[in-house]
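input07.csv (CSV, C-alpha atoms) appears below.
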chain,number,residue,atom,x,y,z
B,790,PHE,CA,9.0,22.2,8.4
B,791,ILE,CA,6.8,21.6,5.4
B,792,ALA,CA,7.4,18.8,2.8
B,793,GLN,CA,5.5,18.8,-0.5
B,794,HIS,CA,4.0,16.0,-2.6
B,795,ASN,CA,6.6,13.5,-4.0
B,796,SER,CA,9.4,14.9,-1.8
B,797,SER,CA,11.3,12.7,0.5
B,798,ILE,CA,13.3,13.1,3.8
B,799,ILE,CA,15.8,10.7,5.3
B,800,VAL,CA,17.2,11.5,8.7
B,801,LYS,CA,20.4,9.8,9.9
B,802,GLY,CA,20.4,10.0,13.6
B,803,ASN,CA,17.8,11.6,15.9
B,804,ALA,CA,15.1,14.0,14.8
B,805,VAL,CA,13.4,16.6,17.0
B,806,GLY,CA,10.6,18.9,15.8
B,807,HIS,CA,7.4,18.9,13.7
B,808,ILE,CA,6.8,18.3,10.0
B,809,SER,CA,3.8,18.7,7.8
B,810,TYR,CA,3.9,16.3,4.8
B,811,HIS,CA,1.5,17.2,1.9
B,812,LYS,CA,0.3,14.5,-0.6
B,813,THR,CA,-1.9,15.2,-3.6
B,814,LEU,CA,-4.9,12.9,-4.1
B,815,SER,CA,-7.6,12.7,-6.7
B,816,ASN,CA,-11.3,12.6,-5.8
B,817,LYS,CA,-11.2,8.8,-6.0
B,818,TRP,CA,-10.6,6.2,-3.2
B,819,HIS,CA,-6.9,6.0,-2.1
B,820,LEU,CA,-5.0,3.7,0.2
B,821,ILE,CA,-2.9,5.8,2.5
B,822,SER,CA,-0.4,5.3,5.3
B,823,CYS,CA,0.7,7.9,7.8
B,824,PRO,CA,4.4,8.8,7.4
B,825,VAL,CA,4.7,10.8,10.6
B,826,LYS,CA,4.3,10.2,14.3
B,827,PHE,CA,1.3,11.3,16.4
B,828,GLN,CA,-1.2,12.2,13.6
B,829,ASN,CA,-4.7,12.1,15.2
B,830,ILE,CA,-7.3,10.5,12.9
B,831,GLU,CA,-10.2,12.8,13.9
B,832,ASP,CA,-8.0,15.9,13.2
B,833,PHE,CA,-6.9,14.4,9.9
B,834,SER,CA,-10.5,13.8,8.8
B,835,LEU,CA,-11.8,17.2,9.8
B,836,ASN,CA,-8.8,19.1,8.2
B,837,ASN,CA,-8.5,17.3,4.9
B,838,ASN,CA,-11.9,17.5,3.2
B,839,ILE,CA,-12.6,13.8,3.9
B,840,VAL,CA,-16.1,12.8,2.7
B,841,LYS,CA,-18.7,12.4,5.4
B,842,LYS,CA,-22.1,10.8,4.6
B,843,GLY,CA,-24.6,10.7,7.4
B,844,SER,CA,-22.6,9.7,10.5
B,845,LYS,CA,-19.9,7.8,8.5
B,846,TYR,CA,-16.5,9.2,7.6
B,847,ALA,CA,-14.8,8.0,4.4
B,848,ILE,CA,-11.7,6.8,6.2
B,849,ALA,CA,-11.4,3.2,7.3
B,850,PRO,CA,-8.8,0.5,8.4
B,851,TYR,CA,-9.1,-2.8,6.7
B,852,THR,CA,-10.5,-5.8,8.5
B,853,ASN,CA,-10.0,-9.5,7.5
B,854,ASN,CA,-12.6,-10.7,9.9
B,855,SER,CA,-15.7,-9.9,7.9
B,856,ILE,CA,-17.1,-9.7,4.3
B,857,ALA,CA,-17.6,-5.9,4.7
B,858,ALA,CA,-13.7,-5.6,4.7
B,859,TRP,CA,-13.7,-1.8,5.7
B,860,ASN,CA,-14.4,-0.6,9.2
B,861,TYR,CA,-15.4,3.0,8.6
B,862,TYR,CA,-15.1,5.6,11.4
B,863,THR,CA,-18.4,7.2,12.5
B,864,GLU,CA,-19.4,10.2,14.6
B,865,ASN,CA,-19.5,7.8,17.6
B,866,THR,CA,-16.1,6.2,17.0
B,867,ILE,CA,-13.8,8.8,15.5
B,868,GLN,CA,-13.3,10.8,18.6
B,869,SER,CA,-11.8,7.8,20.3
B,870,ALA,CA,-9.9,6.6,17.3
B,871,GLY,CA,-6.6,8.1,18.5
B,872,ASN,CA,-3.6,8.3,16.2
B,873,PHE,CA,-2.9,6.5,13.0
B,874,SER,CA,-1.1,3.1,13.7
B,875,VAL,CA,2.4,3.0,12.4
B,876,GLY,CA,2.8,1.0,9.2
B,877,LYS,CA,-0.9,0.3,8.8
B,878,GLY,CA,-3.0,1.2,5.8
B,879,TYR,CA,-6.3,3.0,5.6
B,880,ALA,CA,-8.8,3.7,2.8
B,881,THR,CA,-9.9,7.3,2.3
B,882,LEU,CA,-11.8,9.6,0.0
B,883,ARG,CA,-11.7,13.4,-0.4
B,884,ASN,CA,-14.6,15.6,-1.4
B,885,LYS,CA,-12.5,16.9,-4.3
B,886,ALA,CA,-9.0,16.5,-5.7
B,887,GLY,CA,-6.3,18.2,-3.6
B,888,ASN,CA,-3.7,17.9,-0.9
B,889,ILE,CA,-4.0,16.0,2.3
B,890,CYS,CA,-1.6,16.9,5.1
B,891,PHE,CA,0.0,14.6,7.7
B,892,SER,CA,1.5,16.5,10.7
B,893,GLY,CA,3.7,15.1,13.4
B,894,GLY,CA,7.1,13.9,14.3
B,895,ILE,CA,9.7,12.2,12.1
B,896,ARG,CA,10.4,8.5,12.4
B,897,THR,CA,14.1,7.6,12.5
B,898,GLU,CA,13.9,3.9,13.5
B,899,SER,CA,13.1,0.6,11.7
B,900,ILE,CA,9.4,-0.3,11.9
B,901,LYS,CA,7.8,-3.7,12.6
B,902,VAL,CA,4.1,-4.2,11.9
B,903,LYS,CA,2.1,-7.0,13.5
B,904,THR,CA,-0.3,-8.6,11.0
B,905,THR,CA,-3.5,-10.4,12.1
B,906,LYS,CA,-5.0,-13.7,11.1
B,907,GLY,CA,-8.6,-12.9,10.3
B,908,ALA,CA,-11.7,-15.2,10.2
B,909,LYS,CA,-11.9,-14.5,6.5
B,910,SER,CA,-8.2,-14.4,5.3
B,911,ASN,CA,-4.6,-13.5,6.0
B,912,TRP,CA,-4.7,-10.4,3.9
B,913,ASN,CA,-3.4,-7.3,5.7
B,914,LEU,CA,-3.1,-3.6,4.6
B,915,VAL,CA,0.3,-2.2,5.5
B,916,GLY,CA,2.0,1.0,4.4
B,917,ASN,CA,5.2,2.9,4.0
B,918,PRO,CA,5.9,4.3,7.5
B,919,PHE,CA,8.7,6.7,6.3
B,920,LEU,CA,9.0,10.1,4.7
B,921,SER,CA,11.0,8.5,1.9
B,922,TYR,CA,10.6,5.9,-0.8
B,923,ILE,CA,11.1,2.2,-0.3
B,924,PRO,CA,12.1,-0.2,-3.1
B,925,ILE,CA,9.7,-3.1,-3.5
B,926,ASN,CA,11.3,-5.6,-5.9
B,927,ASN,CA,14.6,-6.9,-7.4
B,928,THR,CA,14.2,-4.7,-10.5
B,929,ALA,CA,14.3,-1.6,-8.2
B,930,GLN,CA,17.1,-2.8,-5.9
B,931,SER,CA,18.5,-6.3,-6.2
B,932,ALA,CA,20.6,-6.2,-3.0
B,933,GLN,CA,17.7,-5.3,-0.7
B,934,ASN,CA,14.0,-4.5,-1.1
B,935,PHE,CA,10.7,-5.0,0.7
B,936,LEU,CA,9.9,-8.4,-0.9
B,937,LEU,CA,13.3,-9.8,-0.1
B,938,LYS,CA,13.2,-8.6,3.5
B,939,ASN,CA,9.8,-10.2,4.0
B,940,ALA,CA,10.0,-13.3,1.8
B,941,ALA,CA,10.1,-15.7,4.7
B,942,ILE,CA,6.6,-14.7,6.0
B,943,LEU,CA,4.8,-14.0,2.7
B,944,SER,CA,2.7,-16.8,1.2
B,945,PRO,CA,4.7,-18.4,-1.7
B,946,PHE,CA,1.6,-18.0,-3.9
B,947,TYR,CA,1.4,-14.3,-3.1
B,948,GLN,CA,5.0,-13.2,-3.0
B,949,ALA,CA,4.0,-9.7,-4.1
B,950,ILE,CA,2.4,-6.4,-2.9
B,951,TYR,CA,-1.0,-5.5,-4.1
B,952,VAL,CA,-1.6,-1.9,-5.0
B,953,TRP,CA,-4.9,-0.1,-5.7
B,954,ASP,CA,-4.8,1.7,-9.1
B,955,GLY,CA,-8.3,3.3,-8.7
B,956,SER,CA,-10.2,0.3,-10.1
B,957,ASN,CA,-8.2,-2.8,-9.5
B,958,TYR,CA,-5.7,-4.4,-7.1
B,959,LEU,CA,-2.5,-5.0,-9.1
B,960,PRO,CA,0.2,-7.4,-8.0
B,961,ILE,CA,3.8,-6.2,-8.0
B,962,ASN,CA,6.6,-8.6,-7.6
B,963,HIS,CA,10.1,-9.3,-9.1
B,964,ALA,CA,8.6,-9.8,-12.5
B,965,SER,CA,7.2,-6.2,-12.5
B,966,LYS,CA,9.0,-3.1,-13.5
B,967,ALA,CA,11.1,-1.3,-10.8
B,968,THR,CA,8.7,-0.1,-8.2
B,969,TYR,CA,9.2,2.3,-5.3
B,970,ILE,CA,6.4,3.1,-2.9
B,971,PRO,CA,6.3,6.8,-1.9
B,972,PRO,CA,5.5,8.2,1.5
B,973,GLY,CA,1.8,8.1,2.5
B,974,GLU,CA,0.8,5.0,0.5
B,975,SER,CA,-0.2,1.5,1.6
B,976,PHE,CA,-0.7,-1.9,0.0
B,977,PHE,CA,-1.9,-5.4,0.7
B,978,VAL,CA,0.2,-8.4,1.6
B,979,HIS,CA,-0.8,-12.0,2.2
B,980,THR,CA,1.2,-13.8,4.9
B,981,ALA,CA,1.9,-17.6,5.1
B,982,ILE,CA,2.4,-17.3,8.9
B,983,ASP,CA,-0.5,-16.4,11.2
B,984,ASN,CA,0.0,-13.2,13.1
B,985,ALA,CA,3.3,-12.5,11.3
B,986,THR,CA,5.5,-9.4,11.6
B,987,ILE,CA,6.1,-7.3,8.5
B,988,ILE,CA,9.4,-5.4,8.7
B,989,PHE,CA,10.3,-2.0,7.2
B,990,PRO,CA,14.0,-1.6,7.8
B,991,LYS,CA,15.3,1.9,7.9
B,992,SER,CA,18.0,0.8,5.5
B,993,LEU,CA,15.4,0.6,2.7
B,994,GLU,CA,14.8,4.3,2.7
B,995,GLU,CA,15.7,6.1,-0.6
B,996,HIS,CA,15.1,9.3,-2.5
B,997,ARG,CA,13.1,8.9,-5.7
B,998,PRO,CA,11.9,11.7,-7.9
B,999,ASN,CA,8.8,9.8,-9.1
B,1000,LYS,CA,6.4,7.1,-7.8
B,1001,MET,CA,7.9,4.5,-10.2
B,1002,ALA,CA,11.5,4.3,-11.3
B,1003,LYS,CA,12.3,5.1,-14.9
B,1004,LYS,CA,14.0,1.8,-15.5
B,1005,THR,CA,12.1,-0.5,-17.7
B,1006,SER,CA,12.1,-4.3,-17.9
B,1007,LYS,CA,13.7,-6.1,-20.9
B,1008,ASN,CA,11.2,-8.9,-20.6
B,1009,THR,CA,8.4,-9.5,-23.1
B,1010,THR,CA,5.1,-8.7,-21.5
B,1011,ILE,CA,1.5,-9.3,-22.5
B,1012,THR,CA,-1.3,-7.7,-20.6
B,1013,ILE,CA,-4.9,-8.8,-21.1
B,1014,TRP,CA,-7.8,-6.5,-20.2
B,1015,MET,CA,-11.4,-7.5,-19.9
B,1016,SER,CA,-14.5,-5.4,-19.2
B,1017,ASN,CA,-18.1,-6.3,-18.5
B,1018,GLY,CA,-19.3,-2.8,-19.2
B,1019,THR,CA,-19.1,-1.5,-15.6
B,1020,GLN,CA,-16.0,-3.2,-14.3
B,1021,LYS,CA,-12.5,-3.6,-15.7
B,1022,THR,CA,-9.8,-6.2,-14.8
B,1023,SER,CA,-6.6,-7.5,-16.2
B,1024,THR,CA,-3.8,-10.1,-16.0
B,1025,THR,CA,-0.2,-9.9,-17.1
B,1026,ILE,CA,2.0,-12.6,-18.6
B,1027,ASN,CA,5.8,-12.0,-18.4
B,1028,TYR,CA,8.2,-14.0,-20.5
B,1029,ILE,CA,11.3,-14.3,-18.3
B,1030,LYS,CA,14.5,-16.3,-18.8
B,1031,GLY,CA,14.5,-19.2,-16.4
B,1032,GLY,CA,10.8,-19.2,-15.9
B,1033,THR,CA,9.0,-22.5,-15.5
B,1034,ARG,CA,5.5,-23.9,-15.8
B,1035,SER,CA,5.5,-24.5,-12.0
B,1036,LEU,CA,5.1,-21.8,-9.3
B,1037,ASP,CA,8.0,-19.4,-9.6
B,1038,ILE,CA,8.0,-17.9,-6.2
B,1039,GLY,CA,8.4,-14.1,-6.3
B,1040,TYR,CA,7.6,-14.0,-10.0
B,1041,ASP,CA,4.1,-15.6,-10.1
B,1042,ALA,CA,1.4,-14.1,-8.0
B,1043,GLY,CA,-2.2,-15.1,-7.3
B,1044,ILE,CA,-5.1,-12.7,-7.7
B,1045,PHE,CA,-6.1,-10.4,-4.8
B,1046,LEU,CA,-9.0,-12.1,-2.9
B,1047,GLY,CA,-9.2,-9.7,0.1
B,1048,ALA,CA,-12.3,-7.9,-1.1
B,1049,THR,CA,-15.6,-9.1,-2.5
B,1050,SER,CA,-15.7,-9.3,-6.3
B,1051,ASN,CA,-17.3,-11.6,-8.9
B,1052,PHE,CA,-15.2,-10.4,-11.9
B,1053,TYR,CA,-11.7,-11.8,-12.3
B,1054,ILE,CA,-9.3,-12.8,-15.1
B,1055,TYR,CA,-6.2,-14.8,-14.4
B,1056,THR,CA,-3.8,-17.2,-16.1
B,1057,LEU,CA,-2.5,-20.6,-15.1

Do you think you could lay out the structure here as structure tokens?
Amino acid sequence: FIAQHNSSIIVKGNAVGHISYHKTLSNKWHLISCPVKFQNIEDFSLNNNIVKKGSKYAIAPYTNNSIAAWNYYTENTIQSAGNFSVGKGYATLRNKAGNICFSGGIRTESIKVKTTKGAKSNWNLVGNPFLSYIPINNTAQSAQNFLLKNAAILSPFYQAIYVWDGSNYLPINHASKATYIPPGESFFVHTAIDNATIIFPKSLEEHRPNKMAKKTSKNTTITIWMSNGTQKTSTTINYIKGGTRSLDIGYDAGIFLGATSNFYIYTL
């Protein structure tokens, strides 16, 4: 069975067989997550036009133990890399824009992802493990969503997910517009508990025609952009009824500090 970019599949019950899921990427860095079972990392790298410079492949899991942050596979390590870890995120870069393909079995169970306490931080890169979309915030689904399900273990200062837009890590929380993460994408979280377990309940699976829902927020929003000529960054202020000058957990979010940077803008 072949599934194309932006499609979604939800299986109720058991699933037997093989699926190939295609996802379209630009020729920029992307944060991916494998939505199928048993996809070998070396096979994926060789069959999807992944950049290779010298002995290093442009595919890497995130590490919170060092300043380098990304642990790139090399000719010496990729043969023993095995399969993608369920619910984990990886950075990757194609030689040119086009489709990547994940091939394997279909997951039909809820997923738990063990995070790690690193020597540098509690930032972890996790990803959508399903072949369907998952709602992230209250504006997407008020009854149940990823942030509500994991609120007890996320840091109160970082009750958000952090997505890479090609140049910045953007926080998404309950103050953001309705957001659904599609299959094959990953994002950062910051846990308040060491070695916590992030949960992706199967009940969160949904069909969505687009990456982001069409619903828009009624809140007044101001976004401030700043550039130093080579880098660009931003911060967003939301005017929400009931907001306070103190920390509004789930609606205020600290800036992403999981990668080295010397160029930030933020509000207090």

Exercise for the section: Determine the nearest neighbour of Ile848 (chain B) from the options B:Val875, B:Leu820, B:Ile961, B:Val902, counting all atoms listed in the file. Expected result: B:Leu820

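Residues of protein, DNA or RNA having at least one counted atom within 12 Å of (8.9, 22.3, 14.9), given all atoms listed in the file, are Phe790, Ile791, Ala804, Val805, Gly806, His807, Ile808, Ser809, Ser892, Gly893, Gly894 and Ile895 of chain B.
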
For region 967-1049 of chain B versus region 856-866 of chain B, which residues have an atom no more than 9 Å away, and what is each residue's nearest atom pair and distance in Å rounded to one decimal, using only C-alpha atoms, chain-then-number order, as CSV?
residue,atom,partner,partner_atom,distance
B:Gly1047,CA,B:Ala858,CA,7.6
B:Ala1048,CA,B:Ala858,CA,6.4
B:Thr1049,CA,B:Ile856,CA,7.0

Practice task
Find the residues around Asn872 (chain B) up to 10 Å (only C-alpha atoms counted), leave out those fewer than 6 positions away in its own chain, and share them as a count of residues only.
Solution key: 9

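When CA of Ile867 (chain B) is paired with CA of Ile839 (chain B), their separation reads 12.7 Å.
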